[in-house]
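Source file: data.pdb. Holds: PDB, N, CA and C atoms.
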ATOM      1  N   MET Y 130       4.840  21.546 -25.310
ATOM      2  CA  MET Y 130       6.176  21.134 -24.897
ATOM      3  C   MET Y 130       6.813  22.135 -23.944
ATOM      4  N   LEU Y 131       6.339  23.368 -23.970
ATOM      5  CA  LEU Y 131       6.914  24.399 -23.107
ATOM      6  C   LEU Y 131       6.784  24.014 -21.639
ATOM      7  N   PHE Y 132       5.589  23.630 -21.218
ATOM      8  CA  PHE Y 132       5.382  23.306 -19.815
ATOM      9  C   PHE Y 132       6.084  22.020 -19.438
ATOM     10  N   PHE Y 133       6.099  21.053 -20.338
ATOM     11  CA  PHE Y 133       6.799  19.794 -20.069
ATOM     12  C   PHE Y 133       8.271  20.063 -19.784
ATOM     13  N   SER Y 134       8.911  20.852 -20.626
ATOM     14  CA  SER Y 134      10.327  21.185 -20.423
ATOM     15  C   SER Y 134      10.531  21.927 -19.110
ATOM     16  N   TYR Y 135       9.618  22.813 -18.811
ATOM     17  CA  TYR Y 135       9.730  23.603 -17.581
ATOM     18  C   TYR Y 135       9.588  22.711 -16.347
ATOM     19  N   PHE Y 136       8.605  21.823 -16.361
ATOM     20  CA  PHE Y 136       8.395  20.949 -15.208
ATOM     21  C   PHE Y 136       9.535  19.952 -15.042
ATOM     22  N   LYS Y 137      10.153  19.512 -16.137
ATOM     23  CA  LYS Y 137      11.297  18.603 -16.027
ATOM     24  C   LYS Y 137      12.420  19.241 -15.232
ATOM     25  N   ASP Y 138      12.572  20.561 -15.357
ATOM     26  CA  ASP Y 138      13.617  21.264 -14.615
ATOM     27  C   ASP Y 138      13.302  21.353 -13.128
ATOM     28  N   LEU Y 139      12.054  21.123 -12.747
ATOM     29  CA  LEU Y 139      11.647  21.220 -11.342
ATOM     30  C   LEU Y 139      11.673  19.881 -10.606
ATOM     31  N   VAL Y 140      12.113  18.818 -11.266
ATOM     32  CA  VAL Y 140      12.191  17.511 -10.614
ATOM     33  C   VAL Y 140      13.096  17.631  -9.387
ATOM     34  N   GLY Y 141      12.604  17.084  -8.281
ATOM     35  CA  GLY Y 141      13.342  17.154  -7.020
ATOM     36  C   GLY Y 141      12.945  18.336  -6.158
ATOM     37  N   ARG Y 142      12.090  19.198  -6.670
ATOM     38  CA  ARG Y 142      11.648  20.382  -5.927
ATOM     39  C   ARG Y 142      10.283  20.133  -5.299
ATOM     40  N   GLU Y 143       9.964  20.899  -4.278
ATOM     41  CA  GLU Y 143       8.682  20.822  -3.594
ATOM     42  C   GLU Y 143       7.633  21.606  -4.379
ATOM     43  N   VAL Y 144       6.493  20.976  -4.674
ATOM     44  CA  VAL Y 144       5.394  21.639  -5.383
ATOM     45  C   VAL Y 144       4.072  21.287  -4.692
ATOM     46  N   THR Y 145       3.057  22.089  -4.978
ATOM     47  CA  THR Y 145       1.702  21.797  -4.525
ATOM     48  C   THR Y 145       0.834  21.649  -5.760
ATOM     49  N   VAL Y 146       0.128  20.533  -5.855
ATOM     50  CA  VAL Y 146      -0.743  20.257  -6.992
ATOM     51  C   VAL Y 146      -2.189  20.308  -6.503
ATOM     52  N   GLU Y 147      -2.976  21.197  -7.102
ATOM     53  CA  GLU Y 147      -4.395  21.268  -6.778
ATOM     54  C   GLU Y 147      -5.172  20.574  -7.888
ATOM     55  N   LEU Y 148      -6.029  19.641  -7.485
ATOM     56  CA  LEU Y 148      -6.797  18.871  -8.444
ATOM     57  C   LEU Y 148      -8.164  19.505  -8.681
ATOM     58  N   LYS Y 149      -8.818  19.083  -9.733
ATOM     59  CA  LYS Y 149     -10.130  19.640 -10.074
ATOM     60  C   LYS Y 149     -11.195  19.327  -9.035
ATOM     61  N   ASN Y 150     -10.968  18.327  -8.186
ATOM     62  CA  ASN Y 150     -11.922  18.012  -7.120
ATOM     63  C   ASN Y 150     -11.592  18.755  -5.818
ATOM     64  N   ASP Y 151     -10.738  19.784  -5.896
ATOM     65  CA  ASP Y 151     -10.339  20.658  -4.782
ATOM     66  C   ASP Y 151      -9.323  20.036  -3.821
ATOM     67  N   LEU Y 152      -8.873  18.836  -4.068
ATOM     68  CA  LEU Y 152      -7.831  18.229  -3.249
ATOM     69  C   LEU Y 152      -6.490  18.857  -3.623
ATOM     70  N   ALA Y 153      -5.753  19.314  -2.621
ATOM     71  CA  ALA Y 153      -4.420  19.884  -2.855
ATOM     72  C   ALA Y 153      -3.393  18.997  -2.160
ATOM     73  N   ILE Y 154      -2.376  18.604  -2.905
ATOM     74  CA  ILE Y 154      -1.347  17.697  -2.402
ATOM     75  C   ILE Y 154       0.016  18.358  -2.559
ATOM     76  N   GLN Y 155       0.780  18.390  -1.478
ATOM     77  CA  GLN Y 155       2.151  18.888  -1.527
ATOM     78  C   GLN Y 155       3.087  17.690  -1.565
ATOM     79  N   GLY Y 156       4.181  17.847  -2.277
ATOM     80  CA  GLY Y 156       5.156  16.769  -2.326
ATOM     81  C   GLY Y 156       6.342  17.136  -3.189
ATOM     82  N   THR Y 157       7.283  16.238  -3.235
ATOM     83  CA  THR Y 157       8.480  16.414  -4.052
ATOM     84  C   THR Y 157       8.201  15.866  -5.438
ATOM     85  N   LEU Y 158       8.420  16.692  -6.450
ATOM     86  CA  LEU Y 158       8.189  16.276  -7.826
ATOM     87  C   LEU Y 158       9.223  15.214  -8.204
ATOM     88  N   HIS Y 159       8.743  14.003  -8.476
ATOM     89  CA  HIS Y 159       9.640  12.903  -8.838
ATOM     90  C   HIS Y 159       9.800  12.797 -10.348
ATOM     91  N   SER Y 160       8.675  12.942 -11.075
ATOM     92  CA  SER Y 160       8.745  12.873 -12.533
ATOM     93  C   SER Y 160       7.512  13.499 -13.150
ATOM     94  N   VAL Y 161       7.633  13.824 -14.420
ATOM     95  CA  VAL Y 161       6.536  14.367 -15.211
ATOM     96  C   VAL Y 161       6.733  13.873 -16.639
ATOM     97  N   ASP Y 162       5.628  13.620 -17.349
ATOM     98  CA  ASP Y 162       5.755  13.162 -18.731
ATOM     99  C   ASP Y 162       5.128  14.170 -19.690
ATOM    100  N   GLN Y 163       5.119  13.832 -20.973
ATOM    101  CA  GLN Y 163       4.662  14.773 -22.000
ATOM    102  C   GLN Y 163       3.181  15.090 -21.879
ATOM    103  N   TYR Y 164       2.417  14.269 -21.157
ATOM    104  CA  TYR Y 164       0.992  14.532 -20.937
ATOM    105  C   TYR Y 164       0.771  15.322 -19.645
ATOM    106  N   LEU Y 165       1.853  15.723 -19.015
ATOM    107  CA  LEU Y 165       1.864  16.427 -17.738
ATOM    108  C   LEU Y 165       1.285  15.577 -16.610
ATOM    109  N   ASN Y 166       1.401  14.250 -16.749
ATOM    110  CA  ASN Y 166       1.140  13.367 -15.621
ATOM    111  C   ASN Y 166       2.260  13.591 -14.616
ATOM    112  N   ILE Y 167       1.928  13.613 -13.354
ATOM    113  CA  ILE Y 167       2.888  13.997 -12.318
ATOM    114  C   ILE Y 167       3.013  12.877 -11.294
ATOM    115  N   LYS Y 168       4.235  12.577 -10.906
ATOM    116  CA  LYS Y 168       4.476  11.639  -9.815
ATOM    117  C   LYS Y 168       5.113  12.417  -8.675
ATOM    118  N   LEU Y 169       4.484  12.327  -7.489
ATOM    119  CA  LEU Y 169       4.978  13.015  -6.298
ATOM    120  C   LEU Y 169       5.432  12.001  -5.266
ATOM    121  N   GLU Y 170       6.453  12.369  -4.509
ATOM    122  CA  GLU Y 170       6.935  11.564  -3.391
ATOM    123  C   GLU Y 170       6.849  12.398  -2.119
ATOM    124  N   ASN Y 171       6.844  11.731  -0.985
ATOM    125  CA  ASN Y 171       6.775  12.400   0.325
ATOM    126  C   ASN Y 171       5.595  13.369   0.373
ATOM    127  N   THR Y 172       4.433  12.867   0.001
ATOM    128  CA  THR Y 172       3.262  13.723  -0.128
ATOM    129  C   THR Y 172       2.568  13.953   1.207
ATOM    130  N   ARG Y 173       1.848  15.064   1.267
ATOM    131  CA  ARG Y 173       0.956  15.368   2.374
ATOM    132  C   ARG Y 173      -0.183  16.204   1.824
ATOM    133  N   VAL Y 174      -1.340  16.027   2.396
ATOM    134  CA  VAL Y 174      -2.528  16.739   1.962
ATOM    135  C   VAL Y 174      -2.570  18.092   2.654
ATOM    136  N   VAL Y 175      -2.915  19.139   1.919
ATOM    137  CA  VAL Y 175      -2.965  20.488   2.490
ATOM    138  C   VAL Y 175      -4.081  20.592   3.527
ATOM    139  N   ASP Y 176      -5.279  20.113   3.212
ATOM    140  CA  ASP Y 176      -6.422  20.170   4.125
ATOM    141  C   ASP Y 176      -6.670  18.765   4.684
ATOM    142  N   GLN Y 177      -5.937  18.424   5.729
ATOM    143  CA  GLN Y 177      -5.995  17.070   6.270
ATOM    144  C   GLN Y 177      -7.334  16.751   6.929
ATOM    145  N   GLU Y 178      -8.026  17.749   7.453
ATOM    146  CA  GLU Y 178      -9.325  17.498   8.088
ATOM    147  C   GLU Y 178     -10.386  17.124   7.056
ATOM    148  N   LYS Y 179     -10.301  17.694   5.875
ATOM    149  CA  LYS Y 179     -11.277  17.416   4.826
ATOM    150  C   LYS Y 179     -11.003  16.073   4.134
ATOM    151  N   TYR Y 180      -9.731  15.657   4.104
ATOM    152  CA  TYR Y 180      -9.336  14.417   3.423
ATOM    153  C   TYR Y 180      -8.527  13.512   4.355
ATOM    154  N   PRO Y 181      -9.114  13.045   5.461
ATOM    155  CA  PRO Y 181      -8.341  12.226   6.405
ATOM    156  C   PRO Y 181      -7.905  10.879   5.817
ATOM    157  N   HIS Y 182      -8.624  10.381   4.826
ATOM    158  CA  HIS Y 182      -8.257   9.101   4.209
ATOM    159  C   HIS Y 182      -6.966   9.205   3.399
ATOM    160  N   MET Y 183      -6.498  10.410   3.152
ATOM    161  CA  MET Y 183      -5.274  10.603   2.370
ATOM    162  C   MET Y 183      -4.027  10.714   3.253
ATOM    163  N   LEU Y 184      -4.171  10.641   4.574
ATOM    164  CA  LEU Y 184      -3.040  10.828   5.477
ATOM    165  C   LEU Y 184      -1.963   9.762   5.306
ATOM    166  N   SER Y 185      -2.346   8.558   4.932
ATOM    167  CA  SER Y 185      -1.363   7.475   4.814
ATOM    168  C   SER Y 185      -0.667   7.439   3.456
ATOM    169  N   VAL Y 186      -1.109   8.254   2.513
ATOM    170  CA  VAL Y 186      -0.520   8.253   1.165
ATOM    171  C   VAL Y 186       0.811   9.005   1.192
ATOM    172  N   ARG Y 187       1.862   8.367   0.748
ATOM    173  CA  ARG Y 187       3.195   8.982   0.736
ATOM    174  C   ARG Y 187       3.716   9.250  -0.672
ATOM    175  N   ASN Y 188       3.261   8.465  -1.638
ATOM    176  CA  ASN Y 188       3.650   8.642  -3.035
ATOM    177  C   ASN Y 188       2.393   8.567  -3.877
ATOM    178  N   CYS Y 189       2.319   9.366  -4.919
ATOM    179  CA  CYS Y 189       1.115   9.290  -5.761
ATOM    180  C   CYS Y 189       1.436   9.669  -7.201
ATOM    181  N   PHE Y 190       0.602   9.152  -8.075
ATOM    182  CA  PHE Y 190       0.647   9.469  -9.491
ATOM    183  C   PHE Y 190      -0.612  10.253  -9.809
ATOM    184  N   ILE Y 191      -0.466  11.404 -10.460
ATOM    185  CA  ILE Y 191      -1.603  12.268 -10.764
ATOM    186  C   ILE Y 191      -1.713  12.407 -12.271
ATOM    187  N   ARG Y 192      -2.852  12.026 -12.779
ATOM    188  CA  ARG Y 192      -3.099  12.157 -14.220
ATOM    189  C   ARG Y 192      -3.192  13.638 -14.580
ATOM    190  N   GLY Y 193      -2.538  14.037 -15.641
ATOM    191  CA  GLY Y 193      -2.474  15.444 -16.033
ATOM    192  C   GLY Y 193      -3.827  16.084 -16.276
ATOM    193  N   SER Y 194      -4.808  15.301 -16.721
ATOM    194  CA  SER Y 194      -6.114  15.867 -17.049
ATOM    195  C   SER Y 194      -6.929  16.259 -15.819
ATOM    196  N   VAL Y 195      -6.517  15.845 -14.617
ATOM    197  CA  VAL Y 195      -7.262  16.199 -13.411
ATOM    198  C   VAL Y 195      -6.607  17.340 -12.630
ATOM    199  N   VAL Y 196      -5.504  17.876 -13.150
ATOM    200  CA  VAL Y 196      -4.785  18.955 -12.467
ATOM    201  C   VAL Y 196      -5.422  20.298 -12.800
ATOM    202  N   ARG Y 197      -5.710  21.067 -11.751
ATOM    203  CA  ARG Y 197      -6.201  22.430 -11.931
ATOM    204  C   ARG Y 197      -5.031  23.413 -11.902
ATOM    205  N   TYR Y 198      -4.211  23.338 -10.875
ATOM    206  CA  TYR Y 198      -3.065  24.239 -10.715
ATOM    207  C   TYR Y 198      -1.867  23.467 -10.207
ATOM    208  N   VAL Y 199      -0.691  23.986 -10.500
ATOM    209  CA  VAL Y 199       0.541  23.523  -9.869
ATOM    210  C   VAL Y 199       1.210  24.765  -9.300
ATOM    211  N   GLN Y 200       1.361  24.781  -7.977
ATOM    212  CA  GLN Y 200       2.033  25.904  -7.319
ATOM    213  C   GLN Y 200       3.508  25.570  -7.226
ATOM    214  N   LEU Y 201       4.312  26.466  -7.755
ATOM    215  CA  LEU Y 201       5.749  26.245  -7.823
ATOM    216  C   LEU Y 201       6.449  26.988  -6.693
ATOM    217  N   PRO Y 202       7.632  26.535  -6.309
ATOM    218  CA  PRO Y 202       8.398  27.277  -5.309
ATOM    219  C   PRO Y 202       8.810  28.624  -5.896
ATOM    220  N   PRO Y 203       8.732  29.706  -5.114
ATOM    221  CA  PRO Y 203       9.051  31.040  -5.650
ATOM    222  C   PRO Y 203      10.453  31.129  -6.253
ATOM    223  N   ASP Y 204      11.413  30.446  -5.666
ATOM    224  CA  ASP Y 204      12.772  30.499  -6.196
ATOM    225  C   ASP Y 204      12.962  29.558  -7.381
ATOM    226  N   GLY Y 205      11.938  28.774  -7.715
ATOM    227  CA  GLY Y 205      12.038  27.839  -8.832
ATOM    228  C   GLY Y 205      11.576  28.422 -10.146
ATOM    229  N   VAL Y 206      11.157  29.688 -10.138
ATOM    230  CA  VAL Y 206      10.619  30.307 -11.340
ATOM    231  C   VAL Y 206      11.639  31.298 -11.899
ATOM    232  N   ASP Y 207      12.170  30.992 -13.068
ATOM    233  CA  ASP Y 207      13.058  31.905 -13.775
ATOM    234  C   ASP Y 207      12.196  32.660 -14.787
ATOM    235  N   ILE Y 208      11.757  33.846 -14.401
ATOM    236  CA  ILE Y 208      10.804  34.621 -15.198
ATOM    237  C   ILE Y 208      11.355  34.923 -16.589
ATOM    238  N   ASP Y 209      12.600  35.331 -16.679
ATOM    239  CA  ASP Y 209      13.191  35.678 -17.975
ATOM    240  C   ASP Y 209      13.219  34.478 -18.921
ATOM    241  N   LEU Y 210      13.618  33.340 -18.407
ATOM    242  CA  LEU Y 210      13.658  32.126 -19.223
ATOM    243  C   LEU Y 210      12.253  31.745 -19.694
ATOM    244  N   LEU Y 211      11.275  31.856 -18.810
ATOM    245  CA  LEU Y 211       9.901  31.527 -19.158
ATOM    246  C   LEU Y 211       9.354  32.487 -20.214
ATOM    247  N   HIS Y 212       9.641  33.775 -20.087
ATOM    248  CA  HIS Y 212       9.198  34.756 -21.085
ATOM    249  C   HIS Y 212       9.823  34.478 -22.456
ATOM    250  N   ASP Y 213      11.118  34.207 -22.475
ATOM    251  CA  ASP Y 213      11.803  33.918 -23.740
ATOM    252  C   ASP Y 213      11.223  32.673 -24.409
ATOM    253  N   ALA Y 214      11.004  31.623 -23.632
ATOM    254  CA  ALA Y 214      10.464  30.385 -24.194
ATOM    255  C   ALA Y 214       9.047  30.600 -24.713
ATOM    256  N   THR Y 215       8.268  31.405 -24.015
ATOM    257  CA  THR Y 215       6.899  31.692 -24.447
ATOM    258  C   THR Y 215       6.907  32.471 -25.760
ATOM    259  N   ARG Y 216       7.784  33.439 -25.875
ATOM    260  CA  ARG Y 216       7.888  34.214 -27.121
ATOM    261  C   ARG Y 216       8.298  33.324 -28.288
ATOM    262  N   ARG Y 217       9.277  32.446 -28.057
ATOM    263  CA  ARG Y 217       9.732  31.533 -29.120
ATOM    264  C   ARG Y 217       8.593  30.621 -29.574
ATOM    265  N   GLU Y 218       7.833  30.099 -28.619
ATOM    266  CA  GLU Y 218       6.747  29.199 -28.981
ATOM    267  C   GLU Y 218       5.632  29.955 -29.712
ATOM    268  N   ALA Y 219       5.381  31.199 -29.330
ATOM    269  CA  ALA Y 219       4.340  31.990 -29.991
ATOM    270  C   ALA Y 219       4.720  32.282 -31.445
ATOM    271  N   ARG Y 220       6.025  32.427 -31.703
ATOM    272  CA  ARG Y 220       6.493  32.684 -33.083
ATOM    273  C   ARG Y 220       6.555  31.405 -33.903
ATOM    274  N   GLY Y 221       6.405  30.278 -33.235
ATOM    275  CA  GLY Y 221       6.434  29.015 -33.964
ATOM    276  C   GLY Y 221       7.828  28.436 -34.115
ATOM    277  N   GLY Y 222       8.742  28.880 -33.309
ATOM    278  CA  GLY Y 222      10.101  28.371 -33.485
ATOM    279  C   GLY Y 222      10.675  27.961 -32.232
TER     280      GLY Y 222
END

As structure tokens:
Amino acid sequence: MLFFSYFKDLVGREVTVELKNDLAIQGTLHSVDQYLNIKLENTRVVDQEKYPHMLSVRNCFIRGSVVRYVQLPPDGVDIDLLHDATRREARGG
């Protein structure tokens, strides 16, 4: 639940999602669910030469199980809040 809550706070922000098949997609985070499925809007592929068939895709739904990384905007990370939430979850509360 920690990551779900964190990603909900990033709705409307620009993120880059790297998939397990090495495809990286940048876009505006529209929604995320408890399974960390992600919906992006205004998407663009990072490596357009490698994935030219993805140039026309503007909105996409990404299943959480295929996500390798999510790169967050540097100003979107509240380190203190993340540390506190991690400590609380580690203690079980």

Please write the residues picked by the PyMOL selection byres (((chain Y and resi 173 and name CA) around 10) and name CA) on this file as a tab-separated table (two decimals) with N, CA and C atoms, in the coordinates of the input.
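File out35.tsv, as written:
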chain	number	residue	atom	x	y	z
Y	145	THR	N	3.06	22.09	-4.98
Y	145	THR	CA	1.70	21.80	-4.53
Y	145	THR	C	0.83	21.65	-5.76
Y	153	ALA	N	-5.75	19.31	-2.62
Y	153	ALA	CA	-4.42	19.88	-2.86
Y	153	ALA	C	-3.39	19.00	-2.16
Y	154	ILE	N	-2.38	18.60	-2.90
Y	154	ILE	CA	-1.35	17.70	-2.40
Y	154	ILE	C	0.02	18.36	-2.56
Y	155	GLN	N	0.78	18.39	-1.48
Y	155	GLN	CA	2.15	18.89	-1.53
Y	155	GLN	C	3.09	17.69	-1.56
Y	156	GLY	N	4.18	17.85	-2.28
Y	156	GLY	CA	5.16	16.77	-2.33
Y	156	GLY	C	6.34	17.14	-3.19
Y	157	THR	N	7.28	16.24	-3.24
Y	157	THR	CA	8.48	16.41	-4.05
Y	157	THR	C	8.20	15.87	-5.44
Y	169	LEU	N	4.48	12.33	-7.49
Y	169	LEU	CA	4.98	13.02	-6.30
Y	169	LEU	C	5.43	12.00	-5.27
Y	170	GLU	N	6.45	12.37	-4.51
Y	170	GLU	CA	6.94	11.56	-3.39
Y	170	GLU	C	6.85	12.40	-2.12
Y	171	ASN	N	6.84	11.73	-0.98
Y	171	ASN	CA	6.78	12.40	0.32
Y	171	ASN	C	5.60	13.37	0.37
Y	172	THR	N	4.43	12.87	0.00
Y	172	THR	CA	3.26	13.72	-0.13
Y	172	THR	C	2.57	13.95	1.21
Y	174	VAL	N	-1.34	16.03	2.40
Y	174	VAL	CA	-2.53	16.74	1.96
Y	174	VAL	C	-2.57	18.09	2.65
Y	175	VAL	N	-2.92	19.14	1.92
Y	175	VAL	CA	-2.96	20.49	2.49
Y	175	VAL	C	-4.08	20.59	3.53
Y	176	ASP	N	-5.28	20.11	3.21
Y	176	ASP	CA	-6.42	20.17	4.12
Y	176	ASP	C	-6.67	18.76	4.68
Y	177	GLN	N	-5.94	18.42	5.73
Y	177	GLN	CA	-6.00	17.07	6.27
Y	177	GLN	C	-7.33	16.75	6.93
Y	183	MET	N	-6.50	10.41	3.15
Y	183	MET	CA	-5.27	10.60	2.37
Y	183	MET	C	-4.03	10.71	3.25
Y	184	LEU	N	-4.17	10.64	4.57
Y	184	LEU	CA	-3.04	10.83	5.48
Y	184	LEU	C	-1.96	9.76	5.31
Y	185	SER	N	-2.35	8.56	4.93
Y	185	SER	CA	-1.36	7.48	4.81
Y	185	SER	C	-0.67	7.44	3.46
Y	186	VAL	N	-1.11	8.25	2.51
Y	186	VAL	CA	-0.52	8.25	1.16
Y	186	VAL	C	0.81	9.01	1.19
Y	187	ARG	N	1.86	8.37	0.75
Y	187	ARG	CA	3.20	8.98	0.74
Y	187	ARG	C	3.72	9.25	-0.67
Y	188	ASN	N	3.26	8.46	-1.64
Y	188	ASN	CA	3.65	8.64	-3.04
Y	188	ASN	C	2.39	8.57	-3.88

message: Can you pull out the residues contacting region 193-210 of chain Y? Cut-off 5 Å, using all atoms listed in the file, and skip same-chain residues under 4 positions away; I want them as number ranges by chain.
response: Y: 144-149, 164-166, 214

Contacts of Ser134 (chain Y) at 10 Å (only C-alpha atoms; same-chain gap of 6+ positions) as number ranges by chain: Y: 161-163, 214

- prompt: Out of chain Y, which residues get strand (DSSP E) from DSSP, as JSON, numbers by chain?
  reply: {"Y": [143, 144, 145, 146, 147, 148, 153, 154, 155, 156, 157, 158, 159, 160, 161, 167, 168, 169, 170, 171, 172, 173, 174, 188, 189, 190, 191, 196, 197, 198, 199, 200]}

Restricting it to N, CA and C atoms, dump the selection as a CSV table (one decimal), in the frame of the given file.
chain,number,residue,atom,x,y,z
Y,143,GLU,N,10.0,20.9,-4.3
Y,143,GLU,CA,8.7,20.8,-3.6
Y,143,GLU,C,7.6,21.6,-4.4
Y,144,VAL,N,6.5,21.0,-4.7
Y,144,VAL,CA,5.4,21.6,-5.4
Y,144,VAL,C,4.1,21.3,-4.7
Y,145,THR,N,3.1,22.1,-5.0
Y,145,THR,CA,1.7,21.8,-4.5
Y,145,THR,C,0.8,21.6,-5.8
Y,146,VAL,N,0.1,20.5,-5.9
Y,146,VAL,CA,-0.7,20.3,-7.0
Y,146,VAL,C,-2.2,20.3,-6.5
Y,147,GLU,N,-3.0,21.2,-7.1
Y,147,GLU,CA,-4.4,21.3,-6.8
Y,147,GLU,C,-5.2,20.6,-7.9
Y,148,LEU,N,-6.0,19.6,-7.5
Y,148,LEU,CA,-6.8,18.9,-8.4
Y,148,LEU,C,-8.2,19.5,-8.7
Y,153,ALA,N,-5.8,19.3,-2.6
Y,153,ALA,CA,-4.4,19.9,-2.9
Y,153,ALA,C,-3.4,19.0,-2.2
Y,154,ILE,N,-2.4,18.6,-2.9
Y,154,ILE,CA,-1.3,17.7,-2.4
Y,154,ILE,C,0.0,18.4,-2.6
Y,155,GLN,N,0.8,18.4,-1.5
Y,155,GLN,CA,2.2,18.9,-1.5
Y,155,GLN,C,3.1,17.7,-1.6
Y,156,GLY,N,4.2,17.8,-2.3
Y,156,GLY,CA,5.2,16.8,-2.3
Y,156,GLY,C,6.3,17.1,-3.2
Y,157,THR,N,7.3,16.2,-3.2
Y,157,THR,CA,8.5,16.4,-4.1
Y,157,THR,C,8.2,15.9,-5.4
Y,158,LEU,N,8.4,16.7,-6.4
Y,158,LEU,CA,8.2,16.3,-7.8
Y,158,LEU,C,9.2,15.2,-8.2
Y,159,HIS,N,8.7,14.0,-8.5
Y,159,HIS,CA,9.6,12.9,-8.8
Y,159,HIS,C,9.8,12.8,-10.3
Y,160,SER,N,8.7,12.9,-11.1
Y,160,SER,CA,8.7,12.9,-12.5
Y,160,SER,C,7.5,13.5,-13.2
Y,161,VAL,N,7.6,13.8,-14.4
Y,161,VAL,CA,6.5,14.4,-15.2
Y,161,VAL,C,6.7,13.9,-16.6
Y,167,ILE,N,1.9,13.6,-13.4
Y,167,ILE,CA,2.9,14.0,-12.3
Y,167,ILE,C,3.0,12.9,-11.3
Y,168,LYS,N,4.2,12.6,-10.9
Y,168,LYS,CA,4.5,11.6,-9.8
Y,168,LYS,C,5.1,12.4,-8.7
Y,169,LEU,N,4.5,12.3,-7.5
Y,169,LEU,CA,5.0,13.0,-6.3
Y,169,LEU,C,5.4,12.0,-5.3
Y,170,GLU,N,6.5,12.4,-4.5
Y,170,GLU,CA,6.9,11.6,-3.4
Y,170,GLU,C,6.8,12.4,-2.1
Y,171,ASN,N,6.8,11.7,-1.0
Y,171,ASN,CA,6.8,12.4,0.3
Y,171,ASN,C,5.6,13.4,0.4
Y,172,THR,N,4.4,12.9,0.0
Y,172,THR,CA,3.3,13.7,-0.1
Y,172,THR,C,2.6,14.0,1.2
Y,173,ARG,N,1.8,15.1,1.3
Y,173,ARG,CA,1.0,15.4,2.4
Y,173,ARG,C,-0.2,16.2,1.8
Y,174,VAL,N,-1.3,16.0,2.4
Y,174,VAL,CA,-2.5,16.7,2.0
Y,174,VAL,C,-2.6,18.1,2.7
Y,188,ASN,N,3.3,8.5,-1.6
Y,188,ASN,CA,3.6,8.6,-3.0
Y,188,ASN,C,2.4,8.6,-3.9
Y,189,CYS,N,2.3,9.4,-4.9
Y,189,CYS,CA,1.1,9.3,-5.8
Y,189,CYS,C,1.4,9.7,-7.2
Y,190,PHE,N,0.6,9.2,-8.1
Y,190,PHE,CA,0.6,9.5,-9.5
Y,190,PHE,C,-0.6,10.3,-9.8
Y,191,ILE,N,-0.5,11.4,-10.5
Y,191,ILE,CA,-1.6,12.3,-10.8
Y,191,ILE,C,-1.7,12.4,-12.3
Y,196,VAL,N,-5.5,17.9,-13.2
Y,196,VAL,CA,-4.8,19.0,-12.5
Y,196,VAL,C,-5.4,20.3,-12.8
Y,197,ARG,N,-5.7,21.1,-11.8
Y,197,ARG,CA,-6.2,22.4,-11.9
Y,197,ARG,C,-5.0,23.4,-11.9
Y,198,TYR,N,-4.2,23.3,-10.9
Y,198,TYR,CA,-3.1,24.2,-10.7
Y,198,TYR,C,-1.9,23.5,-10.2
Y,199,VAL,N,-0.7,24.0,-10.5
Y,199,VAL,CA,0.5,23.5,-9.9
Y,199,VAL,C,1.2,24.8,-9.3
Y,200,GLN,N,1.4,24.8,-8.0
Y,200,GLN,CA,2.0,25.9,-7.3
Y,200,GLN,C,3.5,25.6,-7.2

message: Taking 3 positions as the minimum chain separation for residues in the same chain, which residues sit within 7 Å of Gly141 (chain Y) when counting all atoms listed in the file? Answer as a ChimeraX atom specification.
response: /Y:138,157-160

query: Which value, in Å to one decimal, gives the distance between CA of Leu139 (chain Y) and CA of Ile191 (chain Y)?
result: 16.0 Å

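Coordinates place CA of Arg142 (chain Y) at a distance of 23.7 Å from CA of Tyr180 (chain Y).
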
field: Test item, helix (DSSP H, G or I) assignment across chain Y, answer as a list in words
entry: Leu131, Phe132, Phe133, Ser134, Tyr135, Phe136, Lys137, Pro181, His182, Met183, Gly193, Ser194, Val195, Pro203, Asp204, Gly205, Ile208, Asp209, Leu210, Leu211, His212, Asp213, Ala214, Thr215, Arg216, Arg217, Glu218, Ala219 and Arg220 of chain Y

query: What is the CA of His212 (chain Y)-CA of Glu143 (chain Y) distance in Å, reported with one decimal?
result: 22.4 Å
